[in-house]
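Below is target_22.cif, holding mmCIF, C-alpha atoms and all ligand atoms.
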data_protein
loop_
_atom_site.label_atom_id
_atom_site.label_comp_id
_atom_site.auth_asym_id
_atom_site.auth_seq_id
_atom_site.Cartn_x
_atom_site.Cartn_y
_atom_site.Cartn_z
CA MET A 72 99.19 214.11 -178.31
CA THR A 73 100.66 216.78 -176.19
CA MET A 74 103.69 218.71 -177.35
CA ARG A 75 105.36 219.23 -174.00
CA ARG A 76 109.13 219.14 -174.23
CA LYS A 77 110.59 217.64 -171.10
CA LEU A 78 112.71 219.74 -168.76
CA ILE A 79 115.49 218.19 -166.72
CA ALA A 80 116.48 220.65 -164.02
CA GLY A 81 119.29 220.33 -161.50
CA ASN A 82 118.83 222.03 -158.15
CA TRP A 83 122.31 222.11 -156.64
CA LYS A 84 120.94 223.53 -153.37
CA MET A 85 123.67 224.83 -151.00
CA ASN A 86 126.39 222.70 -152.56
CA GLY A 87 129.54 223.48 -154.48
CA LEU A 88 132.57 225.68 -154.05
CA LYS A 89 134.06 227.26 -157.16
CA ALA A 90 136.16 224.28 -158.20
CA ASP A 91 133.36 221.68 -157.98
CA GLY A 92 130.59 223.86 -159.35
CA LEU A 93 132.50 225.08 -162.35
CA ALA A 94 133.77 221.57 -163.12
CA LEU A 95 130.18 220.31 -163.00
CA ALA A 96 128.94 223.04 -165.34
CA GLN A 97 131.91 222.55 -167.65
CA GLY A 98 131.31 218.80 -167.69
CA LEU A 99 127.72 219.34 -168.83
CA ALA A 100 128.74 221.94 -171.41
CA ASP A 101 131.35 219.51 -172.78
CA LYS A 102 128.74 216.74 -173.02
CA LEU A 103 126.46 219.08 -174.98
CA LYS A 104 129.29 220.00 -177.34
CA GLY A 105 130.53 216.44 -177.69
CA GLY A 106 127.51 214.61 -179.03
CA PRO A 107 123.81 214.59 -179.75
CA ALA A 108 121.89 216.62 -177.18
CA PRO A 109 119.29 214.75 -175.11
CA ALA A 110 115.70 215.24 -176.25
CA CYS A 111 114.84 217.62 -173.44
CA ASP A 112 115.56 221.09 -172.10
CA LEU A 113 118.44 221.16 -169.61
CA LEU A 114 118.71 223.54 -166.68
CA VAL A 115 121.04 223.94 -163.72
CA CYS A 116 120.26 226.06 -160.66
CA PRO A 117 123.55 226.67 -158.83
CA PRO A 118 123.86 228.49 -155.53
CA PHE A 119 123.84 232.29 -156.00
CA THR A 120 127.61 232.43 -155.54
CA LEU A 121 128.17 230.41 -158.70
CA ILE A 122 125.46 231.73 -161.01
CA ALA A 123 127.68 234.23 -162.85
CA PRO A 124 130.57 231.86 -163.66
CA VAL A 125 128.19 228.99 -164.47
CA ALA A 126 126.23 231.30 -166.78
CA ALA A 127 129.49 232.22 -168.52
CA ILE A 128 130.25 228.53 -169.10
CA ALA A 129 126.71 227.81 -170.29
CA ALA A 130 126.52 230.83 -172.61
CA GLY A 131 125.94 229.81 -176.21
CA SER A 132 125.07 226.22 -175.24
CA ALA A 133 121.72 224.54 -174.71
CA LEU A 134 122.30 224.56 -170.95
CA ALA A 135 120.02 227.06 -169.20
CA VAL A 136 120.76 228.57 -165.80
CA GLY A 137 118.35 229.49 -163.03
CA GLY A 138 118.17 230.76 -159.46
CA GLN A 139 116.99 228.62 -156.56
CA ASP A 140 114.91 231.46 -155.14
CA CYS A 141 114.31 235.16 -155.69
CA HIS A 142 112.81 238.11 -153.85
CA ALA A 143 109.39 239.47 -154.77
CA LYS A 144 110.76 243.01 -155.29
CA THR A 145 113.07 244.23 -158.01
CA SER A 146 115.41 246.21 -155.74
CA GLY A 147 115.56 247.94 -152.38
CA ALA A 148 116.35 247.49 -148.72
CA HIS A 149 116.30 243.68 -148.46
CA THR A 150 119.65 242.67 -147.05
CA GLY A 151 120.93 239.35 -148.30
CA ASP A 152 118.21 238.87 -150.91
CA THR A 153 118.48 238.58 -154.68
CA SER A 154 115.91 240.04 -157.02
CA PRO A 155 114.63 238.30 -160.13
CA VAL A 156 115.89 241.20 -162.22
CA MET A 157 119.38 240.50 -160.89
CA LEU A 158 119.02 236.85 -161.88
CA ALA A 159 117.93 237.83 -165.37
CA ASP A 160 120.85 240.26 -165.54
CA LEU A 161 123.25 237.35 -164.91
CA GLY A 162 121.76 235.33 -167.74
CA CYS A 163 119.26 233.24 -165.82
CA ALA A 164 116.17 232.06 -167.64
CA TYR A 165 114.44 230.40 -164.68
CA ALA A 166 113.86 230.83 -160.95
CA ILE A 167 112.69 228.12 -158.59
CA VAL A 168 110.15 229.48 -156.10
CA GLY A 169 108.55 227.81 -153.10
CA HIS A 170 110.87 224.86 -152.74
CA SER A 171 109.86 222.92 -149.63
CA GLU A 172 113.23 223.75 -148.06
CA ARG A 173 112.47 227.47 -148.48
CA ARG A 174 108.94 226.97 -147.16
CA THR A 175 110.41 225.23 -144.08
CA ASP A 176 113.69 227.10 -143.49
CA HIS A 177 112.27 230.55 -144.25
CA ALA A 178 108.60 230.09 -143.39
CA GLU A 179 107.53 230.93 -146.93
CA THR A 180 103.76 230.84 -147.32
CA ASP A 181 101.79 230.24 -150.51
CA ALA A 182 101.24 234.01 -150.73
CA VAL A 183 104.99 234.69 -150.56
CA VAL A 184 105.65 232.03 -153.18
CA LYS A 185 103.00 233.52 -155.45
CA ALA A 186 104.54 237.00 -155.09
CA LYS A 187 107.99 235.63 -155.90
CA GLY A 188 106.70 233.75 -158.94
CA THR A 189 104.87 236.83 -160.17
CA ALA A 190 108.05 238.91 -159.78
CA ALA A 191 110.13 236.28 -161.56
CA GLN A 192 107.73 236.31 -164.49
CA ALA A 193 107.73 240.11 -164.61
CA ALA A 194 111.52 239.94 -164.89
CA GLY A 195 111.17 237.64 -167.90
CA LEU A 196 112.07 234.47 -166.01
CA ILE A 197 110.21 231.17 -166.08
CA ALA A 198 109.01 230.45 -162.54
CA ILE A 199 109.31 226.87 -161.33
CA VAL A 200 106.61 226.76 -158.66
CA CYS A 201 107.15 223.93 -156.17
CA ILE A 202 104.43 222.15 -154.22
CA GLY A 203 104.23 218.86 -152.35
CA GLU A 204 102.80 217.09 -149.32
CA THR A 205 104.60 215.88 -146.20
CA LEU A 206 104.53 212.26 -145.12
CA ALA A 207 102.07 213.06 -142.34
CA GLN A 208 99.73 214.67 -144.89
CA ARG A 209 100.03 211.67 -147.22
CA ASP A 210 99.39 209.24 -144.37
CA ALA A 211 96.33 211.27 -143.40
CA GLY A 212 94.94 210.90 -146.94
CA GLN A 213 95.34 214.62 -147.68
CA THR A 214 97.77 214.40 -150.60
CA ILE A 215 95.52 215.65 -153.39
CA GLU A 216 93.86 218.29 -151.25
CA VAL A 217 97.20 219.67 -150.00
CA ASN A 218 98.70 219.88 -153.49
CA ARG A 219 95.57 221.48 -154.89
CA SER A 220 95.51 224.05 -152.16
CA GLN A 221 99.23 224.87 -152.49
CA LEU A 222 98.79 225.22 -156.24
CA GLN A 223 95.81 227.54 -155.83
CA GLY A 224 97.71 229.69 -153.36
CA SER A 225 101.11 229.71 -155.08
CA LEU A 226 100.32 229.96 -158.79
CA PRO A 227 100.96 233.48 -160.12
CA ASP A 228 97.88 235.14 -161.63
CA GLY A 229 99.58 235.62 -164.99
CA ALA A 230 100.76 232.03 -165.24
CA THR A 231 101.05 230.63 -168.77
CA PRO A 232 102.75 227.50 -170.12
CA ASP A 233 105.55 229.79 -171.36
CA ASN A 234 106.34 231.49 -168.05
CA THR A 235 105.49 228.77 -165.53
CA VAL A 236 106.56 225.24 -164.70
CA ILE A 237 105.07 223.32 -161.78
CA ALA A 238 107.28 221.00 -159.72
CA TYR A 239 105.60 218.31 -157.63
CA GLU A 240 108.04 217.37 -154.91
CA PRO A 241 106.65 215.10 -152.19
CA VAL A 242 108.56 216.27 -149.12
CA TRP A 243 109.05 212.68 -147.92
CA ALA A 244 110.89 211.83 -151.14
CA ILE A 245 113.36 214.72 -151.08
CA GLY A 246 116.87 213.60 -150.23
CA THR A 247 115.57 210.39 -148.64
CA GLY A 248 116.17 207.87 -151.39
CA ARG A 249 112.46 207.07 -151.09
CA VAL A 250 111.07 207.88 -154.51
CA ALA A 251 107.36 208.11 -155.31
CA THR A 252 106.06 205.08 -157.13
CA PRO A 253 104.98 205.70 -160.72
CA ALA A 254 101.35 205.33 -159.63
CA GLN A 255 101.77 207.85 -156.79
CA ALA A 256 103.51 210.35 -159.08
CA GLN A 257 101.01 210.00 -161.92
CA GLU A 258 98.03 210.35 -159.60
CA VAL A 259 99.24 213.68 -158.22
CA HIS A 260 100.47 215.00 -161.58
CA ALA A 261 97.09 214.25 -163.14
CA ALA A 262 95.33 216.01 -160.26
CA ILE A 263 97.61 219.04 -160.68
CA ARG A 264 96.85 219.16 -164.39
CA ALA A 265 93.13 218.95 -163.69
CA GLU A 266 93.45 221.83 -161.24
CA LEU A 267 95.42 223.83 -163.80
CA ALA A 268 92.69 223.16 -166.34
CA SER A 269 90.01 224.53 -164.04
CA LYS A 270 92.11 227.61 -163.36
CA LEU A 271 93.71 228.34 -166.74
CA GLY A 272 91.66 226.34 -169.20
CA GLY A 273 92.33 223.00 -170.83
CA GLU A 274 94.61 224.29 -173.56
CA ALA A 275 97.02 226.01 -171.17
CA ALA A 276 96.91 223.07 -168.77
CA SER A 277 97.78 220.64 -171.53
CA ARG A 278 100.85 222.70 -172.43
CA MET A 279 102.17 223.48 -168.94
CA ARG A 280 105.05 221.34 -167.77
CA ILE A 281 104.80 219.50 -164.45
CA LEU A 282 108.11 218.16 -163.11
CA TYR A 283 108.58 215.42 -160.56
CA GLY A 284 111.20 215.91 -157.84
CA GLY A 285 112.35 213.70 -154.97
CA SER A 286 115.11 211.09 -155.18
CA MET A 287 115.02 210.93 -158.97
CA LYS A 288 118.10 208.95 -160.04
CA PRO A 289 119.39 207.37 -163.24
CA ASP A 290 117.85 204.02 -162.24
CA ASN A 291 114.30 205.30 -161.67
CA ALA A 292 114.13 208.24 -164.07
CA ARG A 293 113.04 206.36 -167.17
CA GLU A 294 109.93 204.95 -165.54
CA LEU A 295 108.91 208.29 -164.02
CA LEU A 296 109.61 210.29 -167.17
CA ALA A 297 107.50 207.90 -169.23
CA LEU A 298 104.35 208.72 -167.22
CA PRO A 299 101.75 210.67 -169.20
CA ASP A 300 101.70 213.73 -166.92
CA VAL A 301 105.37 213.83 -165.86
CA ASP A 302 107.14 216.39 -168.01
CA GLY A 303 110.59 216.28 -166.51
CA GLY A 304 112.46 216.22 -163.25
CA LEU A 305 113.74 218.58 -160.58
CA ILE A 306 116.80 216.80 -159.36
CA GLY A 307 118.84 217.44 -156.23
CA GLY A 308 121.53 214.93 -155.25
CA ALA A 309 121.85 213.29 -158.65
CA SER A 310 122.34 216.67 -160.33
CA LEU A 311 125.72 217.07 -158.60
CA LYS A 312 127.38 214.44 -160.79
CA VAL A 313 127.75 214.97 -164.53
CA ALA A 314 127.26 211.28 -165.31
CA ASP A 315 124.10 210.92 -163.20
CA PHE A 316 122.47 214.13 -164.40
CA TRP A 317 123.30 213.29 -167.99
CA ALA A 318 121.95 209.75 -167.63
CA ILE A 319 118.65 211.17 -166.33
CA ALA A 320 118.50 213.61 -169.25
CA GLU A 321 119.13 210.76 -171.66
CA SER A 322 116.16 208.90 -170.16
CA CYS A 323 113.78 211.44 -171.73
P1 LIG A 401 116.79 214.99 -154.27
O1 LIG A 401 116.86 214.66 -155.74
O2 LIG A 401 118.15 215.09 -153.63
O3 LIG A 401 115.85 214.10 -153.54
O4 LIG A 401 116.20 216.48 -154.16
C1 LIG A 401 115.02 216.79 -154.84
C2 LIG A 401 114.79 218.24 -154.76
O5 LIG A 401 114.47 218.78 -153.72
C3 LIG A 401 115.01 219.04 -155.97
O6 LIG A 401 114.56 220.33 -155.83
#

Produce structure tokens that represent the structure in this file.
Ligand code: 13P
Amino acid sequence: MTMRRKLIAGNWKMNGLKADGLALAQGLADKLKGGPAPACDLLVCPPFTLIAPVAAIAAGSALAVGGQDCHAKTSGAHTGDTSPVMLADLGCAYAIVGHSERRTDHAETDAVVKAKGTAAQAAGLIAIVCIGETLAQRDAGQTIEVNRSQLQGSLPDGATPDNTVIAYEPVWAIGTGRVATPAQAQEVHAAIRAELASKLGGEAASRMRILYGGSMKPDNARELLALPDVDGGLIGGASLKVADFWAIAESC
């Protein structure tokens, strides 16, 4: 049996002003204080503007905080960017890199994602490396090939199960309400693990967590999280409500 502890991660994306974001973080912190913790690791990735106050609320609890992106350099002339060292300085333990919205909105290539993940790891953060096919690629029968190739190009050279998490997010499932079927999710997760095994060895591959993301909700989480190669979720919309995010965590 594998010993992978599931990770339930909320990606708040560009949502939340102070009042909402802090209430959301406080709601989760209160849940953690108020009863038995779910049998998984819990992470929230607020927008940059809220990382510091959310980290203050989460301090001392089992709630981890992460960035949604980071730069590949530690400091310098990069207006508007945030370095992984700055994230670590605020109390972050994780950074998402290569989310499909970053790849699309900011033309991030696999090489850029790899550089960001490498920098995140050097700063002591766990990099959550995102990959996933578009609907056109799935319809063209390229799903496995696309994910394999993104993984090969985006995985930092020093990736280990302790500093890296993979997130499989089919682009067609993100924010659409159209979730991958359990068979679709398991097929790709198993292929990702096989690719990890050929790159890092079987032992590392068996310990590395692979999250599913894309319209994960309380009513479909249990089935997805029960799949042999699904080690958690990267959750967008449903992470913005305490009750929904908590219900997903409790499905672990
Ligand atoms: P949704 O859960 O809103 O589909 O978003 C998934 C996602 O992109 C998480 O990173």

Kindly provide, as a ChimeraX atom specification, the polymer residues lying within 9 Å of (122.6, 223.2, -157.7), counting only C-alpha atoms and using the coordinates exactly as they appear in the file.
/A:81-87,92,115-118,138-139,306-308,310-311

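Here the question is which of A:Leu296, A:Ala100, A:Ala164, A:Met279 gets nearest to Ser132 (chain A) using only C-alpha atoms, and that residue is A:Ala100.
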
Please, which residues in chain A fall within 9 Å of ligand LIG 401 (chain A) when counting all atoms listed in the file, and what is the closest atom pair and distance in Å to one decimal for each, ordered by chain then residue number, as JSON lines?
{"residue": "A:Ala80", "atom": "CA", "partner": "A:LIG401", "partner_atom": "C3", "distance": 8.3}
{"residue": "A:Gly81", "atom": "CA", "partner": "A:LIG401", "partner_atom": "C3", "distance": 7.1}
{"residue": "A:Asn82", "atom": "CA", "partner": "A:LIG401", "partner_atom": "O6", "distance": 5.1}
{"residue": "A:Trp83", "atom": "CA", "partner": "A:LIG401", "partner_atom": "C3", "distance": 7.9}
{"residue": "A:Lys84", "atom": "CA", "partner": "A:LIG401", "partner_atom": "O6", "distance": 7.5}
{"residue": "A:Gln139", "atom": "CA", "partner": "A:LIG401", "partner_atom": "O6", "distance": 8.7}
{"residue": "A:Ile167", "atom": "CA", "partner": "A:LIG401", "partner_atom": "O6", "distance": 8.5}
{"residue": "A:His170", "atom": "CA", "partner": "A:LIG401", "partner_atom": "O6", "distance": 6.6}
{"residue": "A:Ser171", "atom": "CA", "partner": "A:LIG401", "partner_atom": "O5", "distance": 7.4}
{"residue": "A:Glu172", "atom": "CA", "partner": "A:LIG401", "partner_atom": "O5", "distance": 7.6}
{"residue": "A:Cys201", "atom": "CA", "partner": "A:LIG401", "partner_atom": "O6", "distance": 8.2}
{"residue": "A:Ala238", "atom": "CA", "partner": "A:LIG401", "partner_atom": "O6", "distance": 8.3}
{"residue": "A:Glu240", "atom": "CA", "partner": "A:LIG401", "partner_atom": "O5", "distance": 6.7}
{"residue": "A:Pro241", "atom": "CA", "partner": "A:LIG401", "partner_atom": "O5", "distance": 8.8}
{"residue": "A:Val242", "atom": "CA", "partner": "A:LIG401", "partner_atom": "O5", "distance": 7.9}
{"residue": "A:Trp243", "atom": "CA", "partner": "A:LIG401", "partner_atom": "O3", "distance": 8.9}
{"residue": "A:Ala244", "atom": "CA", "partner": "A:LIG401", "partner_atom": "O3", "distance": 6.0}
{"residue": "A:Ile245", "atom": "CA", "partner": "A:LIG401", "partner_atom": "O3", "distance": 3.6}
{"residue": "A:Gly246", "atom": "CA", "partner": "A:LIG401", "partner_atom": "O3", "distance": 3.5}
{"residue": "A:Thr247", "atom": "CA", "partner": "A:LIG401", "partner_atom": "O3", "distance": 6.2}
{"residue": "A:Gly248", "atom": "CA", "partner": "A:LIG401", "partner_atom": "O3", "distance": 6.6}
{"residue": "A:Arg249", "atom": "CA", "partner": "A:LIG401", "partner_atom": "O3", "distance": 8.2}
{"residue": "A:Val250", "atom": "CA", "partner": "A:LIG401", "partner_atom": "O3", "distance": 7.9}
{"residue": "A:Tyr283", "atom": "CA", "partner": "A:LIG401", "partner_atom": "C3", "distance": 8.7}
{"residue": "A:Gly284", "atom": "CA", "partner": "A:LIG401", "partner_atom": "C1", "distance": 4.9}
{"residue": "A:Gly285", "atom": "CA", "partner": "A:LIG401", "partner_atom": "O3", "distance": 3.8}
{"residue": "A:Ser286", "atom": "CA", "partner": "A:LIG401", "partner_atom": "O3", "distance": 3.5}
{"residue": "A:Met287", "atom": "CA", "partner": "A:LIG401", "partner_atom": "O1", "distance": 5.3}
{"residue": "A:Lys288", "atom": "CA", "partner": "A:LIG401", "partner_atom": "O1", "distance": 7.3}
{"residue": "A:Gly304", "atom": "CA", "partner": "A:LIG401", "partner_atom": "C3", "distance": 8.2}
{"residue": "A:Leu305", "atom": "CA", "partner": "A:LIG401", "partner_atom": "C3", "distance": 4.8}
{"residue": "A:Ile306", "atom": "CA", "partner": "A:LIG401", "partner_atom": "O1", "distance": 4.2}
{"residue": "A:Gly307", "atom": "CA", "partner": "A:LIG401", "partner_atom": "O1", "distance": 3.4}
{"residue": "A:Gly308", "atom": "CA", "partner": "A:LIG401", "partner_atom": "O2", "distance": 3.8}
{"residue": "A:Ala309", "atom": "CA", "partner": "A:LIG401", "partner_atom": "O1", "distance": 5.9}
{"residue": "A:Ser310", "atom": "CA", "partner": "A:LIG401", "partner_atom": "O1", "distance": 7.4}

Find, counting all atoms listed in the file, the residue in A:Leu295, A:Ala186, A:Met74, A:Ile128 that gets nearest to Ala254 (chain A).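 The answer is A:Leu295, which sits nearest to Ala254 (chain A).
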
Item to complete: Tell me, as JSON, numbers by chain, which residues lie within 12 Å of Arg173 (chain A), counting all atoms listed in the file; anything in the same chain fewer than 4 positions away does not count.
Response: {"A": [84, 85, 139, 140, 141, 142, 167, 168, 169, 177, 178, 179, 180, 181, 183, 184, 187, 200, 201, 202, 242]}

Could the residues in this selection be written to a file with C-alpha atoms, as a compact mmCIF listing (two decimals), in the coordinates of the input?
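Result file is again05.txt:
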# COMPACT_ATOMS: atom_id res chain seq x y z
CA LYS A 84 120.94 223.53 -153.37
CA MET A 85 123.67 224.83 -151.00
CA GLN A 139 116.99 228.62 -156.56
CA ASP A 140 114.91 231.46 -155.14
CA CYS A 141 114.31 235.16 -155.69
CA HIS A 142 112.81 238.11 -153.85
CA ILE A 167 112.69 228.12 -158.59
CA VAL A 168 110.15 229.48 -156.10
CA GLY A 169 108.55 227.81 -153.10
CA HIS A 177 112.27 230.55 -144.25
CA ALA A 178 108.60 230.09 -143.39
CA GLU A 179 107.53 230.93 -146.93
CA THR A 180 103.76 230.84 -147.32
CA ASP A 181 101.79 230.24 -150.51
CA VAL A 183 104.99 234.69 -150.56
CA VAL A 184 105.65 232.03 -153.18
CA LYS A 187 107.99 235.63 -155.90
CA VAL A 200 106.61 226.76 -158.66
CA CYS A 201 107.15 223.93 -156.17
CA ILE A 202 104.43 222.15 -154.22
CA VAL A 242 108.56 216.27 -149.12

For a cut-off of 12 Å around (125.6, 228.0, -168.6), file coordinates, pick out all residues using all atoms listed in the file and list them as a ChimeraX atom specification.
-> /A:92-101,103,113-117,121-137,161-164

Just C-alpha atoms for this one: save the residues we selected as a PDB file, in the frame of the given file.
ATOM      1  CA  GLY A  92     130.590 223.860-159.350  1.00  0.00           C
ATOM      2  CA  LEU A  93     132.500 225.080-162.350  1.00  0.00           C
ATOM      3  CA  ALA A  94     133.770 221.570-163.120  1.00  0.00           C
ATOM      4  CA  LEU A  95     130.180 220.310-163.000  1.00  0.00           C
ATOM      5  CA  ALA A  96     128.940 223.040-165.340  1.00  0.00           C
ATOM      6  CA  GLN A  97     131.910 222.550-167.650  1.00  0.00           C
ATOM      7  CA  GLY A  98     131.310 218.800-167.690  1.00  0.00           C
ATOM      8  CA  LEU A  99     127.720 219.340-168.830  1.00  0.00           C
ATOM      9  CA  ALA A 100     128.740 221.940-171.410  1.00  0.00           C
ATOM     10  CA  ASP A 101     131.350 219.510-172.780  1.00  0.00           C
ATOM     11  CA  LEU A 103     126.460 219.080-174.980  1.00  0.00           C
ATOM     12  CA  LEU A 113     118.440 221.160-169.610  1.00  0.00           C
ATOM     13  CA  LEU A 114     118.710 223.540-166.680  1.00  0.00           C
ATOM     14  CA  VAL A 115     121.040 223.940-163.720  1.00  0.00           C
ATOM     15  CA  CYS A 116     120.260 226.060-160.660  1.00  0.00           C
ATOM     16  CA  PRO A 117     123.550 226.670-158.830  1.00  0.00           C
ATOM     17  CA  LEU A 121     128.170 230.410-158.700  1.00  0.00           C
ATOM     18  CA  ILE A 122     125.460 231.730-161.010  1.00  0.00           C
ATOM     19  CA  ALA A 123     127.680 234.230-162.850  1.00  0.00           C
ATOM     20  CA  PRO A 124     130.570 231.860-163.660  1.00  0.00           C
ATOM     21  CA  VAL A 125     128.190 228.990-164.470  1.00  0.00           C
ATOM     22  CA  ALA A 126     126.230 231.300-166.780  1.00  0.00           C
ATOM     23  CA  ALA A 127     129.490 232.220-168.520  1.00  0.00           C
ATOM     24  CA  ILE A 128     130.250 228.530-169.100  1.00  0.00           C
ATOM     25  CA  ALA A 129     126.710 227.810-170.290  1.00  0.00           C
ATOM     26  CA  ALA A 130     126.520 230.830-172.610  1.00  0.00           C
ATOM     27  CA  GLY A 131     125.940 229.810-176.210  1.00  0.00           C
ATOM     28  CA  SER A 132     125.070 226.220-175.240  1.00  0.00           C
ATOM     29  CA  ALA A 133     121.720 224.540-174.710  1.00  0.00           C
ATOM     30  CA  LEU A 134     122.300 224.560-170.950  1.00  0.00           C
ATOM     31  CA  ALA A 135     120.020 227.060-169.200  1.00  0.00           C
ATOM     32  CA  VAL A 136     120.760 228.570-165.800  1.00  0.00           C
ATOM     33  CA  GLY A 137     118.350 229.490-163.030  1.00  0.00           C
ATOM     34  CA  LEU A 161     123.250 237.350-164.910  1.00  0.00           C
ATOM     35  CA  GLY A 162     121.760 235.330-167.740  1.00  0.00           C
ATOM     36  CA  CYS A 163     119.260 233.240-165.820  1.00  0.00           C
ATOM     37  CA  ALA A 164     116.170 232.060-167.640  1.00  0.00           C
TER      38      ALA A 164
END

Between CA of Ser269 (chain A) and CA of Lys144 (chain A), distance in Å (one decimal):
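Pair CA of Ser269 (chain A) / CA of Lys144 (chain A) returns 29.1 Å.
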
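The space between CA of Gln208 (chain A) and CA of Ile237 (chain A) spans 19.7 Å.
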
Considering all atoms listed in the file, state which residue in the set A:Ala320, A:Ile215, A:Val313, A:Leu78 is at the smallest distance from Val236 (chain A).
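So, comparing all the options, the nearest one is A:Leu78.
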
So which one's closest to Glu274 (chain A), A:Ser154, A:Arg75, A:Ala191, A:Glu258? Using all atoms listed in the file, please.
->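 With all atoms listed in the file as the atom set, the closest residue is A:Arg75.
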
| task | Write out as a ChimeraX atom specification each polymer residue whose atoms come within 6 Å of Gly303 (chain A), counting only C-alpha atoms; drop sequence neighbours fewer than 5 positions from it. | result | /A:77-79,282

Expected file: the selected residues, C-alpha atoms, as a PDB file, keeping the file's coordinate frame:
ATOM      1  CA  LYS A  77     110.590 217.640-171.100  1.00  0.00           C
ATOM      2  CA  LEU A  78     112.710 219.740-168.760  1.00  0.00           C
ATOM      3  CA  ILE A  79     115.490 218.190-166.720  1.00  0.00           C
ATOM      4  CA  LEU A 282     108.110 218.160-163.110  1.00  0.00           C
TER       5      LEU A 282
END

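Between CA of Gly229 (chain A) and CA of Gly272 (chain A) the interatomic distance comes to 12.9 Å.
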
In terms of all atoms listed in the file, the residue from A:Arg174, A:Lys102, A:Lys312, A:Arg76 at minimal distance from Ile281 (chain A) is A:Arg76

*asked:* Considering only C-alpha atoms, can you say which of A:Leu298, A:Ala230, A:Ala275, A:Ala292 comes closest to Val259 (chain A)?
replied: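 Result for the nearest residue to Val259 (chain A): A:Leu298.
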